[in-house]
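K.L.:
Below is entry-v3.tsv; it holds TSV, C-alpha atoms and all ligand atoms.
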```tsv
chain	number	residue	atom	x	y	z
A	199	MET	CA	48.45	28.23	47.91
A	200	ASN	CA	45.70	28.90	45.39
A	201	ARG	CA	43.40	26.34	43.85
A	202	PRO	CA	44.42	26.26	40.17
A	203	VAL	CA	41.80	26.74	37.49
A	204	LEU	CA	41.87	26.85	33.68
A	205	LEU	CA	39.15	28.15	31.34
A	206	CYS	CA	39.04	27.77	27.54
A	207	HIS	CA	36.63	28.76	24.79
A	208	GLY	CA	36.18	27.92	21.13
A	209	GLY	CA	34.32	31.08	20.06
A	210	ALA	CA	30.78	32.45	20.31
A	211	GLY	CA	27.93	32.90	17.88
A	212	SER	CA	24.38	32.16	16.81
A	213	LYS	CA	25.13	28.72	15.35
A	214	LYS	CA	25.25	25.62	17.58
A	215	PRO	CA	28.87	24.41	17.76
A	216	LEU	CA	29.84	21.03	16.34
A	217	LYS	CA	30.19	18.12	18.78
A	218	ALA	CA	33.84	17.87	17.72
A	219	ALA	CA	34.46	21.44	18.91
A	220	LEU	CA	33.05	20.56	22.35
A	221	SER	CA	34.98	17.33	22.70
A	222	GLY	CA	38.11	19.18	21.50
A	223	LEU	CA	37.63	21.62	24.39
A	224	GLU	CA	37.26	18.77	26.85
A	225	LYS	CA	40.55	17.23	25.70
A	226	THR	CA	42.33	20.60	25.74
A	227	LEU	CA	41.15	21.38	29.28
A	228	ALA	CA	42.07	17.94	30.64
A	229	LYS	CA	45.54	17.99	29.06
A	230	SER	CA	46.48	21.57	29.95
A	231	PHE	CA	44.98	21.51	33.46
A	232	LYS	CA	47.36	18.69	34.29
A	233	LEU	CA	50.21	21.18	33.86
A	234	LEU	CA	48.61	23.47	36.44
A	235	ASP	CA	47.80	20.61	38.78
A	236	ASP	CA	51.44	19.50	38.66
A	237	GLY	CA	52.49	22.97	39.83
A	238	GLY	CA	53.06	24.52	36.37
A	239	SER	CA	52.51	28.22	35.66
A	240	ALA	CA	49.31	29.86	34.42
A	241	LEU	CA	51.29	31.11	31.41
A	242	ASP	CA	52.36	27.57	30.46
A	243	ALA	CA	48.82	26.22	30.85
A	244	VAL	CA	47.34	29.00	28.69
A	245	THR	CA	50.03	28.51	26.01
A	246	SER	CA	49.55	24.74	26.01
A	247	ALA	CA	45.74	25.01	25.73
A	248	ILE	CA	45.91	27.44	22.82
A	249	VAL	CA	48.57	25.46	20.93
A	250	HIS	CA	46.34	22.38	21.32
A	251	MET	CA	43.35	24.24	19.85
A	252	GLU	CA	45.45	25.81	17.05
A	253	ASN	CA	46.73	22.37	16.05
A	254	SER	CA	43.32	20.67	16.20
A	255	GLY	CA	42.02	22.38	13.05
A	256	LEU	CA	38.60	22.49	14.77
A	257	TYR	CA	38.48	26.22	15.41
A	258	ASN	CA	39.16	29.45	13.58
A	259	ALA	CA	42.78	29.56	14.76
A	260	GLY	CA	46.05	27.98	13.63
A	261	LYS	CA	45.41	25.12	11.21
A	262	GLY	CA	41.65	25.75	11.09
A	263	ALA	CA	41.88	29.51	10.50
A	264	ASN	CA	39.59	31.45	8.13
A	265	LEU	CA	40.90	32.72	4.82
A	266	GLN	CA	40.91	36.42	4.12
A	267	LEU	CA	39.23	37.48	0.86
A	268	ASP	CA	42.47	37.10	-1.12
A	269	GLY	CA	42.67	33.42	-0.06
A	270	ILE	CA	45.45	33.92	2.51
A	271	ARG	CA	45.27	33.05	6.22
A	272	ARG	CA	46.66	35.83	8.41
A	273	LEU	CA	46.76	34.87	12.05
A	274	ASP	CA	46.57	37.05	15.15
A	275	ALA	CA	47.35	36.14	18.76
A	276	SER	CA	48.26	37.67	22.09
A	277	ILE	CA	49.21	36.58	25.58
A	278	MET	CA	49.64	38.34	28.93
A	279	GLU	CA	50.94	37.41	32.36
A	280	GLY	CA	49.47	39.01	35.47
A	281	ASN	CA	52.48	39.23	37.77
A	282	SER	CA	54.97	41.07	35.55
A	283	LEU	CA	52.25	42.52	33.24
A	284	GLN	CA	54.44	41.25	30.39
A	285	ALA	CA	52.51	40.79	27.17
A	286	GLY	CA	53.23	39.87	23.57
A	287	ALA	CA	51.24	39.84	20.34
A	288	VAL	CA	51.54	39.09	16.63
A	289	ILE	CA	49.33	40.50	13.90
A	290	GLY	CA	48.64	39.05	10.45
A	291	LEU	CA	51.15	36.20	10.65
A	292	GLU	CA	51.34	34.31	7.33
A	293	GLY	CA	52.50	30.74	6.78
A	294	PHE	CA	52.97	29.58	10.39
A	295	ALA	CA	50.56	27.56	12.52
A	296	ASN	CA	51.11	28.76	16.09
A	297	PRO	CA	50.92	32.54	16.54
A	298	ILE	CA	50.45	32.00	20.29
A	299	LEU	CA	53.98	30.55	20.54
A	300	LEU	CA	55.32	33.64	18.80
A	301	SER	CA	53.36	35.93	21.11
A	302	ARG	CA	54.90	34.08	24.03
A	303	LEU	CA	58.37	34.58	22.54
A	304	VAL	CA	57.96	38.29	21.88
A	305	MET	CA	56.75	38.84	25.46
A	306	ASP	CA	60.37	38.53	26.52
A	307	MET	CA	61.77	40.71	23.73
A	308	ALA	CA	62.40	44.45	23.67
A	309	HIS	CA	59.39	45.00	21.35
A	310	LYS	CA	56.04	43.48	22.34
A	311	VAL	CA	53.93	43.54	19.17
A	312	PHE	CA	54.98	42.45	15.68
A	313	THR	CA	53.18	42.47	12.35
A	314	ASN	CA	53.97	39.75	9.80
A	315	LEU	CA	57.08	41.55	8.54
A	316	GLY	CA	59.02	40.82	11.73
A	317	ALA	CA	56.86	38.01	13.13
A	318	ALA	CA	57.48	35.69	10.16
A	319	LYS	CA	61.25	36.20	10.51
A	320	ILE	CA	61.12	35.29	14.20
A	321	ALA	CA	58.87	32.28	13.41
A	322	GLU	CA	61.39	31.10	10.82
A	323	ALA	CA	64.33	31.50	13.20
A	324	GLU	CA	62.47	29.78	16.06
A	325	LYS	CA	61.28	26.93	13.82
A	326	ILE	CA	57.57	27.50	14.53
A	327	ALA	CA	55.51	24.87	12.64
A	328	ARG	CA	54.54	25.79	9.08
A	329	LEU	CA	50.91	26.13	8.05
A	330	GLY	CA	49.95	23.76	5.22
A	331	PRO	CA	47.77	24.87	2.27
A	332	PRO	CA	44.10	25.69	3.01
A	333	ASN	CA	41.70	22.76	2.63
A	334	GLU	CA	39.11	22.42	-0.17
A	335	ARG	CA	36.27	23.20	2.22
A	336	SER	CA	37.61	26.61	3.19
A	337	LEU	CA	38.44	27.47	-0.44
A	338	LYS	CA	34.90	26.57	-1.51
A	339	ARG	CA	33.44	28.53	1.38
A	340	LEU	CA	35.42	31.57	0.29
A	341	ASP	CA	34.28	31.13	-3.34
A	342	ARG	CA	30.67	31.11	-2.16
A	343	ALA	CA	31.19	34.29	-0.15
A	344	MET	CA	32.83	35.98	-3.14
A	345	ALA	CA	29.94	34.89	-5.39
A	346	LYS	CA	27.58	36.62	-2.94
A	347	GLY	CA	29.53	39.86	-3.29
A	348	GLY	CA	32.24	39.62	-0.64
A	349	PRO	CA	32.14	40.41	3.06
A	350	ALA	CA	28.66	40.93	4.38
A	351	LEU	CA	27.78	41.69	7.96
A	352	GLU	CA	25.43	38.67	8.08
A	353	LEU	CA	28.41	36.41	7.51
A	354	TYR	CA	30.11	37.94	10.51
A	355	ARG	CA	27.05	37.27	12.63
A	356	LYS	CA	27.02	33.49	12.30
A	357	TYR	CA	30.04	32.41	14.20
A	358	PHE	CA	33.29	33.66	15.71
A	359	SER	CA	35.41	30.65	16.57
A	360	THR	CA	38.46	32.41	17.90
A	361	VAL	CA	40.06	30.42	20.73
A	362	GLY	CA	41.08	31.70	24.15
A	363	ALA	CA	42.26	30.53	27.57
A	364	ILE	CA	42.79	32.03	31.02
A	365	ALA	CA	44.31	30.44	34.11
A	366	LEU	CA	45.16	30.90	37.78
A	367	ASP	CA	48.08	28.85	39.09
A	368	SER	CA	48.82	27.65	42.61
A	369	SER	CA	51.17	30.59	43.24
A	370	GLY	CA	48.31	33.05	42.57
A	371	CYS	CA	49.53	34.12	39.14
A	372	LEU	CA	47.03	34.80	36.35
A	373	ALA	CA	47.48	34.61	32.55
A	374	ALA	CA	45.30	35.14	29.48
A	375	GLY	CA	45.77	34.32	25.79
A	376	SER	CA	43.86	34.28	22.53
A	377	SER	CA	44.42	33.20	18.91
A	378	THR	CA	42.35	33.71	15.77
A	379	GLY	CA	42.08	33.68	12.00
A	380	GLY	CA	39.87	36.78	12.30
A	381	VAL	CA	36.31	36.72	10.94
A	382	PHE	CA	35.12	34.88	7.85
A	383	ALA	CA	35.42	36.59	4.45
A	384	MET	CA	37.22	39.65	5.80
A	385	LEU	CA	39.12	42.19	3.74
A	386	PRO	CA	42.88	41.51	3.57
A	387	GLY	CA	44.67	43.30	6.36
A	388	ARG	CA	41.65	43.53	8.66
A	389	VAL	CA	42.57	43.20	12.37
A	390	GLY	CA	40.15	42.46	15.23
A	391	ASP	CA	40.47	42.49	19.01
A	392	THR	CA	42.53	39.32	19.49
A	393	PRO	CA	46.07	40.73	19.17
A	394	LEU	CA	45.23	43.99	20.96
A	395	ILE	CA	46.28	43.85	24.61
A	396	GLY	CA	43.43	45.25	26.71
A	397	SER	CA	40.83	44.45	24.04
A	398	GLY	CA	41.17	40.71	23.35
A	399	VAL	CA	43.08	39.73	26.50
A	400	TYR	CA	44.23	41.18	29.81
A	401	ALA	CA	45.74	39.75	33.01
A	402	ASP	CA	46.75	41.52	36.20
A	403	ASN	CA	47.23	39.61	39.46
A	404	SER	CA	45.69	42.48	41.42
A	405	LEU	CA	42.51	42.40	39.27
A	406	GLY	CA	41.86	39.23	37.24
A	407	ALA	CA	42.25	37.68	33.80
A	408	VAL	CA	39.98	37.97	30.75
A	409	ALA	CA	39.91	36.56	27.20
A	410	CYS	CA	37.28	37.80	24.73
A	411	THR	CA	35.69	36.39	21.59
A	412	GLY	CA	33.10	37.77	19.20
A	413	ARG	CA	33.04	40.56	16.67
A	414	GLY	CA	36.43	42.24	17.01
A	415	GLU	CA	35.11	45.52	15.66
A	416	ASP	CA	32.83	45.67	18.72
A	417	ILE	CA	35.22	44.40	21.37
A	418	LEU	CA	38.14	46.65	20.50
A	419	ARG	CA	36.08	49.82	20.81
A	420	LEU	CA	35.33	49.03	24.46
A	421	CYS	CA	38.81	47.68	25.31
A	422	LEU	CA	36.61	44.99	26.79
A	423	ALA	CA	39.24	42.74	28.42
A	424	LYS	CA	40.79	45.60	30.40
A	425	GLU	CA	37.38	47.01	31.27
A	426	VAL	CA	36.18	43.72	32.76
A	427	CYS	CA	39.49	43.38	34.66
A	428	MET	CA	39.05	46.88	36.11
A	429	ASN	CA	35.51	45.93	37.13
A	430	MET	CA	36.96	42.95	39.03
A	431	LYS	CA	38.85	45.29	41.39
A	432	ASN	CA	35.90	45.21	43.75
A	433	ARG	CA	33.55	42.65	42.17
A	434	SER	CA	33.46	38.93	41.38
A	435	ALA	CA	34.24	37.72	37.85
A	436	GLU	CA	30.54	37.17	37.27
A	437	ASP	CA	29.39	40.62	38.43
A	438	ALA	CA	32.23	42.35	36.57
A	439	SER	CA	31.37	40.57	33.31
A	440	TYR	CA	27.67	41.32	33.70
A	441	LEU	CA	28.32	45.02	34.24
A	442	SER	CA	30.41	45.34	31.06
A	443	PHE	CA	28.03	43.25	29.02
A	444	LYS	CA	24.97	45.30	29.91
A	445	ARG	CA	26.74	48.33	28.48
A	446	ALA	CA	28.05	46.42	25.45
A	447	LEU	CA	24.56	45.12	24.66
A	448	SER	CA	23.06	48.57	24.78
A	449	LEU	CA	25.49	49.35	21.93
A	450	GLY	CA	24.50	46.20	19.97
A	451	PHE	CA	27.75	44.34	20.58
A	452	GLN	CA	28.27	40.60	20.02
A	453	ALA	CA	30.82	39.04	22.30
A	454	GLY	CA	31.68	36.32	24.76
A	455	ILE	CA	34.20	36.44	27.59
A	456	LEU	CA	36.06	34.18	29.96
A	457	ALA	CA	36.79	35.94	33.25
A	458	LEU	CA	38.66	34.81	36.35
A	459	ASP	CA	39.12	36.95	39.44
A	460	ARG	CA	42.14	36.80	41.76
A	461	LYS	CA	40.24	34.57	44.21
A	462	GLY	CA	39.73	31.94	41.49
A	463	ARG	CA	36.01	32.67	40.96
A	464	TRP	CA	35.21	32.38	37.28
A	465	SER	CA	32.52	33.26	34.80
A	466	ILE	CA	31.72	32.56	31.14
A	467	THR	CA	29.34	35.19	29.75
A	468	HIS	CA	28.06	35.84	26.22
A	469	THR	CA	25.60	37.99	24.35
A	470	THR	CA	25.38	35.36	21.58
A	471	ALA	CA	23.14	32.26	21.61
A	472	HIS	CA	26.13	29.94	22.01
A	473	MET	CA	29.60	29.95	23.47
A	474	PRO	CA	31.38	26.58	23.48
A	475	ALA	CA	33.62	26.81	26.51
A	476	GLY	CA	34.58	25.14	29.75
A	477	ALA	CA	36.57	25.09	32.94
A	478	ALA	CA	38.94	22.62	34.58
A	479	SER	CA	39.81	22.47	38.27
A	480	LYS	CA	40.49	19.80	40.89
A	481	GLU	CA	36.74	19.13	40.82
A	482	GLY	CA	36.93	18.03	37.16
A	483	VAL	CA	36.16	19.40	33.70
A	484	ILE	CA	32.92	21.12	32.62
A	485	VAL	CA	32.25	21.86	28.92
A	486	ARG	CA	29.00	23.27	27.55
A	487	ASP	CA	27.81	25.00	24.40
A	488	ARG	CA	26.28	27.88	26.37
A	489	PHE	CA	26.79	29.49	29.76
A	490	ARG	CA	25.42	32.81	31.05
A	491	ARG	CA	23.74	34.72	28.28
A	492	VAL	CA	23.20	38.43	28.82
A	493	GLU	CA	20.49	39.80	26.51
A	501	LIG	N1	37.36	38.17	17.74
A	501	LIG	C1	38.16	37.86	16.64
A	501	LIG	C2	38.17	38.88	15.61
A	501	LIG	O1	37.26	39.70	15.52
A	501	LIG	O2	39.09	38.90	14.84
```
Starting from the coordinates I provided, produce the structure as structure tokens.
Ligand code: GLY
P.N.:
Amino acid sequence: MNRPVLLCHGGAGSKKPLKAALSGLEKTLAKSFKLLDDGGSALDAVTSAIVHMENSGLYNAGKGANLQLDGIRRLDASIMEGNSLQAGAVIGLEGFANPILLSRLVMDMAHKVFTNLGAAKIAEAEKIARLGPPNERSLKRLDRAMAKGGPALELYRKYFSTVGAIALDSSGCLAAGSSTGGVFAMLPGRVGDTPLIGSGVYADNSLGAVACTGRGEDILRLCLAKEVCMNMKNRSAEDASYLSFKRALSLGFQAGILALDRKGRWSITHTTAHMPAGAASKEGVIVRDRFRRVE
């Protein structure tokens, strides 16, 4: 029997996260850890945690997702299970609130990754909740970005509030998932690391589980999630994360990662000033706005 553990994050960046984002993480961890504690699977706990964060509207995922520059929210998500190495992902989903539920559904289908063309049809058939219209605040924020001349790298630097979760269940199975509205004021059609298996997420029971956040353009070039998992073959989650981050930093990358090795040792590491995140285990729930910063 393994001691179950669940980790979640609400993004990473230079700006201090809102108190609501931290208390949202606390609630998510408490609620979804209960599933694990009752003998549920890592995959169910990860799905539950991410649905909770997508529905909260507090993060850049699901109901709270960023608008692309044409005023449309296009959502990305992926999920992976470490026993079967099954994985599923959706890219650019329009009009539906829970891309993580679709990723979970496509895991068991013949094809594993869908863009909006097919994903929206599956969402419709499976009655995935609809996304309401964007709120005034996000429309005004977009107007301000447009008035400043569109997507600027400085805007990307402020905050990346993608959500992610990883878990180890009592049977020793690992899972990882992530969901995002991309980065603020991005060009329509832009895709980051989140729906790319091996970049945004990876889980393999013989290695570990990882979920990344940060600037997708950086993370996907390193295939960061898979790299950290490979580093966990003969290292702890903490040492494996540190090794990858030293290299990433030398290339100027901005990222944060949740990592969990097969023994249940975990680490939350970031290059950014903040990373609202936390862990839940039988010992209780820890949530903080920063963990181990590598700089
Ligand atoms: N890390 C989320 C994104 O770049 O889209």
K.L.:
Counting only C-alpha atoms, what are the residues of stretch 267-344 of chain A within 12 Å of stretch 359-370 of chain A, and for each of them which pair of atoms is the nearest and at what distance in Å, to one decimal? Sort the table by chain and rising number, as a Markdown table.
P.N.:
```
| residue | atom | partner | partner_atom | distance |
| --- | --- | --- | --- | --- |
| A:Leu273 | CA | A:Thr360 | CA | 10.4 |
| A:Asp274 | CA | A:Thr360 | CA | 9.7 |
| A:Ala275 | CA | A:Gly362 | CA | 9.4 |
| A:Ser276 | CA | A:Gly362 | CA | 9.6 |
| A:Ile277 | CA | A:Ala363 | CA | 9.4 |
| A:Met278 | CA | A:Ile364 | CA | 9.5 |
| A:Glu279 | CA | A:Ala365 | CA | 9.8 |
| A:Gly280 | CA | A:Gly370 | CA | 9.3 |
| A:Asn281 | CA | A:Gly370 | CA | 8.9 |
| A:Pro297 | CA | A:Val361 | CA | 11.8 |
| A:Ile298 | CA | A:Gly362 | CA | 10.1 |
```
K.L.:
Rank nothing, just name the residue among A:His472, A:Ile289, A:Arg201, A:Leu418 nearest to A:Asp236, using all atoms listed in the file.
P.N.:
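Closest candidate: A:Arg201.
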K.L.:
With ligand LIG 501 (chain A) as the partner and 8 Å as the cut-off, tabulate the residues of chain A that qualify, each row holding the nearest pair of atoms and their distance in Å to one decimal, using all atoms listed in the file, sorted by chain and rising number, as JSON lines.
P.N.:
```
{"residue": "A:Asp274", "atom": "CA", "partner": "A:LIG501", "partner_atom": "O2", "distance": 7.7}
{"residue": "A:Phe358", "atom": "CA", "partner": "A:LIG501", "partner_atom": "N1", "distance": 6.4}
{"residue": "A:Ser359", "atom": "CA", "partner": "A:LIG501", "partner_atom": "C1", "distance": 7.7}
{"residue": "A:Thr360", "atom": "CA", "partner": "A:LIG501", "partner_atom": "C1", "distance": 5.6}
{"residue": "A:Thr378", "atom": "CA", "partner": "A:LIG501", "partner_atom": "C1", "distance": 6.0}
{"residue": "A:Gly379", "atom": "CA", "partner": "A:LIG501", "partner_atom": "O2", "distance": 6.7}
{"residue": "A:Gly380", "atom": "CA", "partner": "A:LIG501", "partner_atom": "O2", "distance": 3.4}
{"residue": "A:Val381", "atom": "CA", "partner": "A:LIG501", "partner_atom": "O2", "distance": 5.3}
{"residue": "A:Val389", "atom": "CA", "partner": "A:LIG501", "partner_atom": "O2", "distance": 6.1}
{"residue": "A:Gly390", "atom": "CA", "partner": "A:LIG501", "partner_atom": "O2", "distance": 3.7}
{"residue": "A:Asp391", "atom": "CA", "partner": "A:LIG501", "partner_atom": "C2", "distance": 5.5}
{"residue": "A:Thr392", "atom": "CA", "partner": "A:LIG501", "partner_atom": "C1", "distance": 5.4}
{"residue": "A:Gly398", "atom": "CA", "partner": "A:LIG501", "partner_atom": "N1", "distance": 7.2}
{"residue": "A:Cys410", "atom": "CA", "partner": "A:LIG501", "partner_atom": "N1", "distance": 7.0}
{"residue": "A:Thr411", "atom": "CA", "partner": "A:LIG501", "partner_atom": "N1", "distance": 4.6}
{"residue": "A:Gly412", "atom": "CA", "partner": "A:LIG501", "partner_atom": "N1", "distance": 4.5}
{"residue": "A:Arg413", "atom": "CA", "partner": "A:LIG501", "partner_atom": "O1", "distance": 4.5}
{"residue": "A:Gly414", "atom": "CA", "partner": "A:LIG501", "partner_atom": "O1", "distance": 3.1}
{"residue": "A:Glu415", "atom": "CA", "partner": "A:LIG501", "partner_atom": "O1", "distance": 6.2}
{"residue": "A:Ile417", "atom": "CA", "partner": "A:LIG501", "partner_atom": "N1", "distance": 7.5}
```
K.L.:
Restricting the calculation to only C-alpha atoms, which member of A:Met473, A:Leu405, A:Ala263, A:Ala478 is positioned closest to A:Leu283?
P.N.:
A:Leu405
K.L.:
What is the atom CA of A:Arg339 to atom CA of A:Ala218 distance in Å?
P.N.:
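Here the two named atoms are 19.5 Å from each other.
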K.L.:
A:Leu329: which residues within 9 Å, counting only C-alpha atoms, same-chain residues fewer than 6 positions away excluded, as a ChimeraX atom specification?
P.N.:
/A:260-261,292-296
K.L.:
Could you give me, as a VMD selection string, the residues within 9 Å of A:Ala446, counting only C-alpha atoms and dropping anything in the same chain fewer than 2 positions from it?
P.N.:
chain A and resid 416 to 417 420 422 441 to 444 448 to 453 469
K.L.:
Please, what distance in Å, to one decimal, runs between atom CA of A:Met305 and atom CA of A:Val399?
P.N.:
13.7 Å
K.L.:
At a cut-off of 10 Å, using only C-alpha atoms, what residues contact A:Ala475? Leave out same-chain residues fewer than 5 positions from it and give the result as a list in words.
P.N.:
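Selected residues are Leu205, Cys206, His207, Gly208, Gly209, Ala210, Ala219, Leu220, Leu223, Glu224, Leu227, Val361, Gly362, Ala363, Gly454, Ile455, Leu456, Ile466, Thr467, Ile484, Val485, Arg486, Asp487, Arg488 and Phe489 of chain A.
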K.L.:
Between A:Ile326, A:Met344, A:Ala317, A:Leu372, which is the closest to A:Asn200 once you count all atoms listed in the file?
P.N.:
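The closest residue to A:Asn200 is A:Leu372.
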K.L.:
Would you work out the distance separating atom CA of A:Ala457 from atom CA of A:Leu299, expressed in Å to one decimal?
P.N.:
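About the pair atom CA of A:Ala457 and atom CA of A:Leu299: they are 22.0 Å apart.
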K.L.:
Identify which of the residues A:Ile270, A:Ala327, A:Tyr400, A:Ala383 lies closest to A:Ala345, counting only C-alpha atoms when measuring atom-to-atom distances.
P.N.:
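Going through A:Ile270, A:Ala327, A:Tyr400, A:Ala383 one by one, the smallest distance to A:Ala345 is for A:Ala383.
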K.L.:
Using all atoms listed in the file for the distances, tell me which of A:Ser434, A:His250, A:Ala471, A:Lys232 is nearest to A:Gly262.
P.N.:
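Smallest separation from A:Gly262 among the options: A:His250.
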K.L.:
Give the answer as one residue: which of A:Gln284, A:Asn253, A:Ser221, A:Asn264 has the shortest atom-to-atom distance to A:Arg328, using only C-alpha atoms?
P.N.:
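Nearest candidate to A:Arg328 out of A:Gln284, A:Asn253, A:Ser221, A:Asn264: A:Asn253.
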